[in-house]
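This is model-v2.cif (mmCIF, C-alpha atoms (C1' of nucleotides)).
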```
data_my_file
#
loop_
_atom_site.label_atom_id
_atom_site.label_comp_id
_atom_site.auth_asym_id
_atom_site.auth_seq_id
_atom_site.Cartn_x
_atom_site.Cartn_y
_atom_site.Cartn_z
CA MET T 1129 36.19 75.56 125.68
CA LEU T 1130 33.88 76.14 122.75
CA SER T 1131 35.46 78.01 119.91
CA ASN T 1132 34.33 81.66 119.88
CA GLY T 1133 31.97 81.19 122.79
CA GLY T 1134 29.11 83.64 122.43
CA CYS T 1135 30.46 85.39 119.32
CA PRO T 1136 27.55 86.97 117.40
CA LYS T 1137 28.75 85.87 113.95
CA THR T 1138 29.22 82.31 115.05
CA MET T 1139 25.80 82.51 116.63
CA LEU T 1140 24.33 83.40 113.25
CA SER T 1141 26.03 80.49 111.53
CA ILE T 1142 24.65 78.12 114.09
CA LYS T 1143 21.22 79.70 113.72
CA ASP T 1144 21.38 79.14 109.96
CA ALA T 1145 22.42 75.56 110.36
CA LEU T 1146 19.67 74.92 112.88
CA GLU T 1147 17.05 76.25 110.51
CA ALA T 1148 18.02 73.85 107.75
CA VAL T 1149 17.94 70.95 110.13
CA GLU T 1150 15.29 71.74 112.75
CA GLY T 1151 12.59 69.37 113.84
CA ARG T 1152 13.01 65.89 115.09
CA TRP T 1153 12.99 64.13 111.75
CA LYS T 1154 15.31 65.78 109.25
CA LEU T 1155 18.58 64.59 110.67
CA LEU T 1156 17.20 61.09 111.06
CA ILE T 1157 16.11 61.04 107.44
CA LEU T 1158 19.56 62.10 106.35
CA PHE T 1159 21.07 59.45 108.55
CA SER T 1160 18.88 56.82 106.97
CA LEU T 1161 19.78 57.98 103.48
CA SER T 1162 23.45 58.03 104.36
CA GLU T 1163 23.37 54.27 104.14
CA ARG T 1164 22.13 54.26 100.55
CA THR T 1165 19.52 55.57 98.17
CA LYS T 1166 16.07 54.59 99.41
CA ARG T 1167 12.41 54.70 98.48
CA PHE T 1168 9.66 56.46 100.42
CA LYS T 1169 8.42 53.44 102.31
CA GLU T 1170 11.92 52.30 103.21
CA ILE T 1171 12.66 55.59 104.89
CA SER T 1172 9.27 55.47 106.56
CA ARG T 1173 10.09 52.05 108.02
CA ASP T 1174 13.54 53.16 109.17
CA LEU T 1175 12.16 56.10 111.07
CA ASN T 1176 9.44 54.16 112.83
CA GLY T 1177 6.66 56.49 113.91
CA ILE T 1178 6.63 59.20 111.27
CA THR T 1179 3.40 59.62 109.28
CA ASP T 1180 3.29 59.71 105.49
CA LYS T 1181 2.23 63.32 105.57
CA THR T 1182 5.09 64.46 107.74
CA LEU T 1183 7.67 62.41 105.87
CA SER T 1184 6.44 63.84 102.60
CA LYS T 1185 6.74 67.38 103.92
CA GLU T 1186 10.18 66.83 105.41
CA LEU T 1187 11.49 65.29 102.20
CA LYS T 1188 10.25 68.29 100.25
CA ASN T 1189 11.98 70.64 102.62
CA LEU T 1190 15.23 68.71 102.49
CA GLU T 1191 15.07 68.73 98.72
CA GLU T 1192 14.54 72.49 98.66
CA ASN T 1193 17.61 72.88 100.80
CA LYS T 1194 19.52 70.61 98.40
CA LEU T 1195 20.33 68.12 101.10
CA ILE T 1196 18.72 65.30 99.18
CA SER T 1197 17.68 64.69 95.58
CA ARG T 1198 14.59 62.99 94.23
CA GLU T 1199 14.17 60.76 91.22
CA VAL T 1200 10.78 59.67 89.95
CA PHE T 1201 10.22 56.55 87.86
CA SER T 1202 7.00 56.51 85.83
CA THR T 1203 5.99 52.99 86.72
CA PHE T 1204 3.10 51.42 88.59
CA PRO T 1205 3.09 51.13 91.52
CA PRO T 1206 4.95 54.43 91.70
CA LYS T 1207 8.62 54.40 92.51
CA VAL T 1208 10.50 57.39 93.84
CA GLU T 1209 14.07 57.27 95.00
CA TYR T 1210 15.74 59.63 97.42
CA THR T 1211 19.47 60.17 97.53
CA ILE T 1212 21.54 62.24 99.91
CA THR T 1213 23.57 64.93 98.13
CA GLU T 1214 27.15 65.86 98.80
CA HIS T 1215 25.91 68.86 100.66
CA GLY T 1216 23.80 66.57 102.80
CA MET T 1217 26.74 64.29 103.35
CA SER T 1218 28.69 67.25 104.65
CA LEU T 1219 26.51 67.04 107.75
CA GLU T 1220 28.28 63.77 108.49
CA LYS T 1221 30.27 65.14 111.37
CA VAL T 1222 27.30 66.81 112.99
CA LEU T 1223 25.52 63.47 112.95
CA ASP T 1224 28.55 61.65 114.25
CA GLU T 1225 28.97 64.05 117.14
CA LEU T 1226 25.28 63.90 117.90
CA HIS T 1227 25.51 60.13 117.91
CA PHE T 1228 28.41 60.03 120.33
CA TRP T 1229 26.81 62.58 122.55
CA GLY T 1230 23.53 60.68 122.49
CA LEU T 1231 25.30 57.57 123.75
CA LEU T 1232 26.89 59.55 126.54
CA HIS T 1233 23.74 61.40 127.45
CA ARG T 1234 21.66 58.32 128.14
CA GLN T 1235 23.64 57.45 131.23
CA MET S 1413 30.35 57.91 104.39
CA LEU S 1414 28.51 58.39 107.66
CA SER S 1415 29.50 55.92 110.33
CA ASN S 1416 26.93 53.11 110.63
CA GLY S 1417 24.65 54.66 108.05
CA GLY S 1418 21.07 53.75 108.90
CA CYS S 1419 21.94 51.48 111.84
CA PRO S 1420 18.95 51.30 114.20
CA LYS S 1421 20.94 51.64 117.41
CA THR S 1422 22.80 54.65 116.14
CA MET S 1423 19.46 56.05 115.05
CA LEU S 1424 18.23 55.79 118.65
CA SER S 1425 21.28 57.59 120.02
CA ILE S 1426 20.74 60.41 117.60
CA LYS S 1427 17.07 60.51 118.50
CA ASP S 1428 17.97 60.81 122.19
CA ALA S 1429 20.43 63.57 121.52
CA LEU S 1430 17.92 65.45 119.40
CA GLU S 1431 15.33 65.34 122.15
CA ALA S 1432 17.65 66.96 124.68
CA VAL S 1433 18.50 69.68 122.24
CA GLU S 1434 15.41 70.22 120.11
CA GLY S 1435 13.91 73.59 119.33
CA ARG S 1436 15.65 76.56 117.88
CA TRP S 1437 16.93 78.05 121.13
CA LYS S 1438 18.62 75.45 123.31
CA LEU S 1439 21.84 75.11 121.39
CA LEU S 1440 22.12 78.88 121.09
CA ILE S 1441 21.69 79.29 124.83
CA LEU S 1442 24.43 76.76 125.44
CA PHE S 1443 26.62 78.53 122.97
CA SER S 1444 26.08 81.82 124.76
CA LEU S 1445 26.88 80.27 128.13
CA SER S 1446 29.97 78.59 126.75
CA GLU S 1447 31.60 82.01 126.84
CA ARG S 1448 31.01 82.46 130.55
CA THR S 1449 28.45 82.37 133.33
CA LYS S 1450 25.67 84.81 132.56
CA ARG S 1451 22.52 86.33 134.02
CA PHE S 1452 19.04 86.01 132.54
CA LYS S 1453 19.02 89.35 130.77
CA GLU S 1454 22.48 88.84 129.33
CA ILE S 1455 21.43 85.61 127.67
CA SER S 1456 18.26 87.29 126.48
CA ARG S 1457 20.29 90.03 124.81
CA ASP S 1458 22.69 87.53 123.23
CA LEU S 1459 19.88 85.58 121.65
CA ASN S 1460 18.08 88.58 120.22
CA GLY S 1461 14.44 87.78 119.63
CA ILE S 1462 13.59 85.30 122.33
CA THR S 1463 10.83 86.29 124.77
CA ASP S 1464 11.24 86.13 128.54
CA LYS S 1465 8.67 83.41 128.72
CA THR S 1466 10.38 81.17 126.22
CA LEU S 1467 13.83 81.76 127.65
CA SER S 1468 12.57 80.93 131.10
CA LYS S 1469 11.09 77.67 129.89
CA GLU S 1470 14.15 76.66 127.90
CA LEU S 1471 16.46 77.36 130.83
CA LYS S 1472 14.32 75.16 133.05
CA ASN S 1473 14.45 72.38 130.53
CA LEU S 1474 18.21 72.65 130.13
CA GLU S 1475 18.61 72.57 133.89
CA GLU S 1476 16.48 69.44 134.15
CA ASN S 1477 18.71 67.79 131.60
CA LYS S 1478 21.76 68.89 133.61
CA LEU S 1479 23.18 70.85 130.75
CA ILE S 1480 23.30 74.04 132.78
CA SER S 1481 23.18 74.93 136.47
CA ARG S 1482 21.39 77.78 138.18
CA GLU S 1483 22.43 79.86 141.14
CA VAL S 1484 20.09 82.29 142.86
CA PHE S 1485 21.29 85.26 144.90
CA SER S 1486 18.77 86.64 147.39
CA THR S 1487 19.35 90.26 146.54
CA PHE S 1488 17.26 93.03 145.06
CA PRO S 1489 16.91 93.40 142.18
CA PRO S 1490 17.05 89.61 141.84
CA LYS S 1491 20.18 88.02 140.47
CA VAL S 1492 20.30 84.56 138.98
CA GLU S 1493 23.35 83.14 137.30
CA TYR S 1494 23.43 80.37 134.74
CA THR S 1495 26.48 78.25 134.12
CA ILE S 1496 27.05 75.55 131.56
CA THR S 1497 27.89 72.17 133.11
CA GLU S 1498 30.57 69.76 131.97
CA HIS S 1499 27.86 67.70 130.41
CA GLY S 1500 26.71 70.75 128.52
CA MET S 1501 30.24 71.49 127.46
CA SER S 1502 30.45 68.03 125.99
CA LEU S 1503 28.18 69.30 123.22
CA GLU S 1504 31.08 71.47 122.14
CA LYS S 1505 31.86 69.44 119.07
CA VAL S 1506 28.26 69.33 117.93
CA LEU S 1507 28.17 73.12 118.10
CA ASP S 1508 31.48 73.44 116.34
CA GLU S 1509 30.39 71.20 113.49
CA LEU S 1510 27.09 73.00 113.23
CA HIS S 1511 28.95 76.27 113.09
CA PHE S 1512 31.25 75.15 110.28
CA TRP S 1513 28.38 73.65 108.39
CA GLY S 1514 26.32 76.80 108.85
CA LEU S 1515 29.08 78.85 107.25
CA LEU S 1516 29.22 76.45 104.33
CA HIS S 1517 25.48 76.21 103.94
CA ARG S 1518 24.89 79.92 103.46
CA GLN S 1519 26.57 79.90 100.10
"C1'" DG K 574 -12.91 40.26 91.60
"C1'" DA K 575 -10.95 41.33 96.07
"C1'" DA K 576 -6.75 42.62 98.22
"C1'" DA K 577 -2.16 44.29 98.46
"C1'" DG K 578 1.43 47.45 97.35
"C1'" DT K 579 3.34 52.51 96.44
"C1'" DG K 580 3.80 57.55 96.95
"C1'" DC K 581 1.64 60.71 97.71
"C1'" DT K 582 -2.44 64.48 98.87
"C1'" DA K 583 -6.33 66.23 101.50
"C1'" DT K 584 -9.23 66.90 105.44
"C1'" DC K 585 -10.13 67.28 110.21
"C1'" DC K 586 -8.71 68.04 114.73
"C1'" DA K 587 -5.87 68.25 119.02
"C1'" DA K 588 -1.76 69.68 121.14
"C1'" DA K 589 2.22 72.43 121.49
"C1'" DA K 590 4.96 76.45 120.54
"C1'" DG K 591 5.55 80.97 121.00
"C1'" DG K 592 4.70 86.13 120.73
"C1'" DA K 593 2.87 90.47 123.13
"C1'" DA K 594 1.91 92.71 127.14
"C1'" DA K 595 1.23 93.37 131.89
"C1'" DG K 596 2.15 92.34 136.79
"C1'" DT K 597 5.19 91.59 141.00
"C1'" DA K 598 8.67 92.37 144.76
"C1'" DA K 599 12.27 95.39 147.09
"C1'" DT K 600 15.73 98.51 146.64
"C1'" DA K 601 18.25 102.50 144.75
"C1'" DT K 602 18.33 106.64 142.27
"C1'" DC K 603 16.82 111.24 140.94
"C1'" DG R 1095 7.28 109.93 145.22
"C1'" DA R 1096 7.98 108.52 140.46
"C1'" DT R 1097 11.07 105.56 137.87
"C1'" DA R 1098 14.21 101.97 136.83
"C1'" DT R 1099 16.03 97.47 137.51
"C1'" DT R 1100 15.65 92.02 137.46
"C1'" DA R 1101 13.83 87.50 136.85
"C1'" DC R 1102 10.41 85.78 136.27
"C1'" DT R 1103 4.92 84.33 135.84
"C1'" DT R 1104 0.41 84.87 133.89
"C1'" DT R 1105 -3.07 85.63 130.47
"C1'" DC R 1106 -4.58 85.79 125.91
"C1'" DC R 1107 -4.29 84.59 121.33
"C1'" DT R 1108 -2.25 83.10 116.94
"C1'" DT R 1109 0.63 79.95 114.44
"C1'" DT R 1110 2.76 75.69 113.77
"C1'" DT R 1111 3.10 70.90 114.24
"C1'" DG R 1112 1.61 66.56 113.71
"C1'" DG R 1113 -1.48 62.46 114.25
"C1'" DA R 1114 -5.34 59.69 112.26
"C1'" DT R 1115 -7.85 58.50 108.37
"C1'" DA R 1116 -9.23 58.12 103.70
"C1'" DG R 1117 -8.57 58.35 98.83
"C1'" DC R 1118 -6.38 57.77 94.27
"C1'" DA R 1119 -3.90 55.58 90.37
"C1'" DC R 1120 -2.55 51.16 88.30
"C1'" DT R 1121 -0.64 46.64 88.37
"C1'" DT R 1122 0.07 42.12 90.26
"C1'" DT R 1123 -1.23 38.27 93.10
"C1'" DC R 1124 -4.46 35.00 95.02
#
```

Take the structure in this file and express it as structure tokens.
Amino acid sequence: MLSNGGCPKTMLSIKDALEAVEGRWKLLILFSLSERTKRFKEISRDLNGITDKTLSKELKNLEENKLISREVFSTFPPKVEYTITEHGMSLEKVLDELHFWGLLHRQ
Amino acid sequence: MLSNGGCPKTMLSIKDALEAVEGRWKLLILFSLSERTKRFKEISRDLNGITDKTLSKELKNLEENKLISREVFSTFPPKVEYTITEHGMSLEKVLDELHFWGLLHRQ
DNA sequence: GAAAGTGCTATCCAAAAGGAAAGTAATATC
DNA sequence: GATATTACTTTCCTTTTGGATAGCACTTTC
């Protein structure tokens, strides 16, 4: 049984969480960054299929929500590193559960 | 540390899971149904803000993915009951984690 | 001196999502 | 006989999403 099934307050919490994480890329980006700090192109390669434009937008959004941080190095070619924050890491269990469920669901 | 951070296979599992659950309504519908079997209008009231059209489409999609089941009673006014399946219930932990994280995230 | 590499941004366009509002069918209620 | 109820579907229209492509800035490599 789900805890608090249908409870309006719990519903709001879930709604909040979903907003910070919605779309098919954000959680995957966080998952990629959970391995280690990465650069733009590395993430792009990990995700396989995302366009530069979309990745750029998603990263901005994640940064605004403090789920990742961004560090710019003034070199050429440009170098920008993205790191998952503690707050981002706190989504660990959501990702884990999603992973397990994804394995199950395929069958 | 997230389990298997960045691992491509895990990434695919998560991608699969996300597809079955994407959009801002599906998880909330499942959460509502986790309380008990409900009729169309009951779910609609629980979700607060969803239109009939969207709810109808989401329910169809959830049924196709075997996350809920649908029972029609040939009465008037029409009565249709939706029940979460075991497979749907297996998302319990995802919802729970999302709930806890949602509470945390608001601050 | 052409090409490759990096992290974007901008433009254009197609597809999808989603809201608002009305319609339907049969019964029961006032 | 008008009205309400239920679970949709349909139409119309706006917003959002996202793909494809090109460009830029500067250095290094061939």

Within 10 Å of Trp1437 in chain S using only C-alpha atoms (C1' of nucleotides), minus same-chain residues under 4 positions, as a PDB file with C-alpha atoms, in the frame of the given file:
```
ATOM      1  CA  LYS T1143      21.220  79.700 113.720  1.00  0.00           C
ATOM      2  CA  LEU T1146      19.670  74.920 112.880  1.00  0.00           C
TER       3      LEU T1146
ATOM      4  CA  VAL S1433      18.500  69.680 122.240  1.00  0.00           C
ATOM      5  CA  ILE S1441      21.690  79.290 124.830  1.00  0.00           C
ATOM      6  CA  LEU S1442      24.430  76.760 125.440  1.00  0.00           C
ATOM      7  CA  PHE S1443      26.620  78.530 122.970  1.00  0.00           C
ATOM      8  CA  LEU S1459      19.880  85.580 121.650  1.00  0.00           C
ATOM      9  CA  ILE S1462      13.590  85.300 122.330  1.00  0.00           C
ATOM     10  CA  THR S1466      10.380  81.170 126.220  1.00  0.00           C
ATOM     11  CA  LEU S1467      13.830  81.760 127.650  1.00  0.00           C
ATOM     12  CA  GLU S1470      14.150  76.660 127.900  1.00  0.00           C
ATOM     13  CA  LEU S1471      16.460  77.360 130.830  1.00  0.00           C
TER      14      LEU S1471
END
```

Apply the PyMOL selection byres ((chain T and resi 1225-1229) around 9) to the structure shown and report the selected residues as a PDB file with C-alpha atoms, in the frame of the given file.
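The file below, selection.pdb, is the result:
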```pdb
ATOM      1  CA  GLU T1220      28.280  63.770 108.490  1.00  0.00           C
ATOM      2  CA  LYS T1221      30.270  65.140 111.370  1.00  0.00           C
ATOM      3  CA  VAL T1222      27.300  66.810 112.990  1.00  0.00           C
ATOM      4  CA  LEU T1223      25.520  63.470 112.950  1.00  0.00           C
ATOM      5  CA  ASP T1224      28.550  61.650 114.250  1.00  0.00           C
ATOM      6  CA  GLY T1230      23.530  60.680 122.490  1.00  0.00           C
ATOM      7  CA  LEU T1231      25.300  57.570 123.750  1.00  0.00           C
ATOM      8  CA  LEU T1232      26.890  59.550 126.540  1.00  0.00           C
ATOM      9  CA  HIS T1233      23.740  61.400 127.450  1.00  0.00           C
ATOM     10  CA  ARG T1234      21.660  58.320 128.140  1.00  0.00           C
TER      11      ARG T1234
ATOM     12  CA  THR S1422      22.800  54.650 116.140  1.00  0.00           C
ATOM     13  CA  MET S1423      19.460  56.050 115.050  1.00  0.00           C
ATOM     14  CA  LEU S1424      18.230  55.790 118.650  1.00  0.00           C
ATOM     15  CA  SER S1425      21.280  57.590 120.020  1.00  0.00           C
ATOM     16  CA  ILE S1426      20.740  60.410 117.600  1.00  0.00           C
ATOM     17  CA  LYS S1427      17.070  60.510 118.500  1.00  0.00           C
ATOM     18  CA  ASP S1428      17.970  60.810 122.190  1.00  0.00           C
ATOM     19  CA  ALA S1429      20.430  63.570 121.520  1.00  0.00           C
ATOM     20  CA  LEU S1430      17.920  65.450 119.400  1.00  0.00           C
ATOM     21  CA  SER S1502      30.450  68.030 125.990  1.00  0.00           C
ATOM     22  CA  LEU S1503      28.180  69.300 123.220  1.00  0.00           C
ATOM     23  CA  LYS S1505      31.860  69.440 119.070  1.00  0.00           C
ATOM     24  CA  VAL S1506      28.260  69.330 117.930  1.00  0.00           C
ATOM     25  CA  GLU S1509      30.390  71.200 113.490  1.00  0.00           C
TER      26      GLU S1509
END
```

Using all atoms listed in the file, which residues of chain R come within 9 Å of chain T, and what is the closest atom pair for each, with the distance in Å to one decimal? Give it as JSON lines, sorted by chain and residue number.
```
{"residue": "R:DG1112", "atom": "C1'", "partner": "T:Thr1182", "partner_atom": "CA", "distance": 7.2}
{"residue": "R:DG1113", "atom": "C1'", "partner": "T:Thr1179", "partner_atom": "CA", "distance": 7.5}
{"residue": "R:DA1119", "atom": "C1'", "partner": "T:Phe1204", "partner_atom": "CA", "distance": 8.3}
{"residue": "R:DC1120", "atom": "C1'", "partner": "T:Phe1204", "partner_atom": "CA", "distance": 5.7}
{"residue": "R:DT1121", "atom": "C1'", "partner": "T:Phe1204", "partner_atom": "CA", "distance": 6.1}
```

Please, which residues in chain K fall within 10 Å of chain T when counting only C-alpha atoms (C1' of nucleotides), and what is the closest atom pair and distance in Å to one decimal for each, ordered by chain then residue number, as a Markdown table?
```
| residue | atom | partner | partner_atom | distance |
| --- | --- | --- | --- | --- |
| K:DG578 | C1' | T:Pro1205 | CA | 7.1 |
| K:DT579 | C1' | T:Pro1205 | CA | 5.1 |
| K:DG580 | C1' | T:Pro1206 | CA | 6.2 |
| K:DC581 | C1' | T:Ser1184 | CA | 7.5 |
| K:DT582 | C1' | T:Lys1181 | CA | 8.2 |
| K:DA583 | C1' | T:Lys1181 | CA | 9.9 |
```

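The gap separating CA of Glu1209 in chain T from CA of Asn1193 in chain T is 17.0 Å, in Å to one decimal.
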
Can you list, as a PyMOL selection string, the residues that the PyMOL selection byres ((chain R and resi 1105) around 10) selects here? (chain K and resi 594-595) or (chain R and resi 1103-1104+1106-1107)

Quick one: distance from CA of Ile1196 in chain T to CA of Thr1213 in chain T in Å, one decimal?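 That distance, rounded to one decimal, is 5.0 Å.
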
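Compared by their closest atoms to chain T, and using all atoms listed in the file, the residues S:Tyr1494, S:Leu1445, S:Lys1469, S:Ser1481 rank with S:Leu1445 nearest.
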
Counting only C-alpha atoms, figure out which residue out of S:Lys1438, S:Lys1421, S:Arg1448, S:His1499 gets nearest to Leu1474 in chain S. S:Lys1438

Using 5 Å of padding on each side, determine the axis-aligned box around all atoms of range 1120-1124 of chain R present in the file and give its centre and edge lengths in Å to one decimal, as lines of an AutoDock Vina configuration file.
```
center_x = -2.2
center_y = 43.1
center_z = 91.7
size_x = 14.5
size_y = 26.2
size_z = 16.7
```

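Comparing the minimum interatomic distances between chain T and each of S:Gly1461, S:Met1501, S:Ile1496, S:Glu1475, counting all atoms listed in the file, we find that S:Met1501 sits nearest.
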
Residue contacts of DG1095 in chain R (12 Å, all atoms listed in the file) excluding same-chain residues fewer than 2 positions away, as a JSON list (two decimals) with C-alpha atoms (C1' of nucleotides), in the coordinates of the input:
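Final file, out_37.json:
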```json
[["chain", "number", "residue", "atom", "x", "y", "z"],
["K", 602, "DT", "C1'", 18.33, 106.64, 142.27],
["K", 603, "DC", "C1'", 16.82, 111.24, 140.94],
["R", 1097, "DT", "C1'", 11.07, 105.56, 137.87]]
```

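With CA of Glu1199 in chain T on one side and CA of Ser1162 in chain T on the other, the separation reads 16.3 Å.
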
Restricting the calculation to all atoms listed in the file, which member of S:Ser1486, S:Thr1495, S:Ser1456, S:Arg1436 is positioned closest to chain T? S:Arg1436

Tell me which protein, DNA and RNA residues are within 9 Å of DT1111 in chain R, counting only C-alpha atoms (C1' of nucleotides), leaving out same-chain ones fewer than 4 positions away, and put them as a PyMOL selection string. chain K and resi 588-590

Put those residues in a file: C-alpha atoms (C1' of nucleotides), as a PDB file, keeping the file's coordinate frame.
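Result file follows (again27.pdb):
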```pdb
ATOM      1  C1'  DA K 588      -1.760  69.680 121.140  1.00  0.00           C
ATOM      2  C1'  DA K 589       2.220  72.430 121.490  1.00  0.00           C
ATOM      3  C1'  DA K 590       4.960  76.450 120.540  1.00  0.00           C
TER       4       DA K 590
END
```

Nearest to chain T, chosen from S:Lys1472, S:Glu1447, S:Leu1479, S:Cys1419, with all atoms listed in the file counted in the distances: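 That would be S:Glu1447, the residue with the smallest distance to chain T.
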
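Within 12 Å of the point (-12.2, 40.9, 96.3), counting all atoms listed in the file, the protein and nucleic acid residues come to DG574, DA575, DA576 and DA577 of chain K; DT1123 and DC1124 of chain R.
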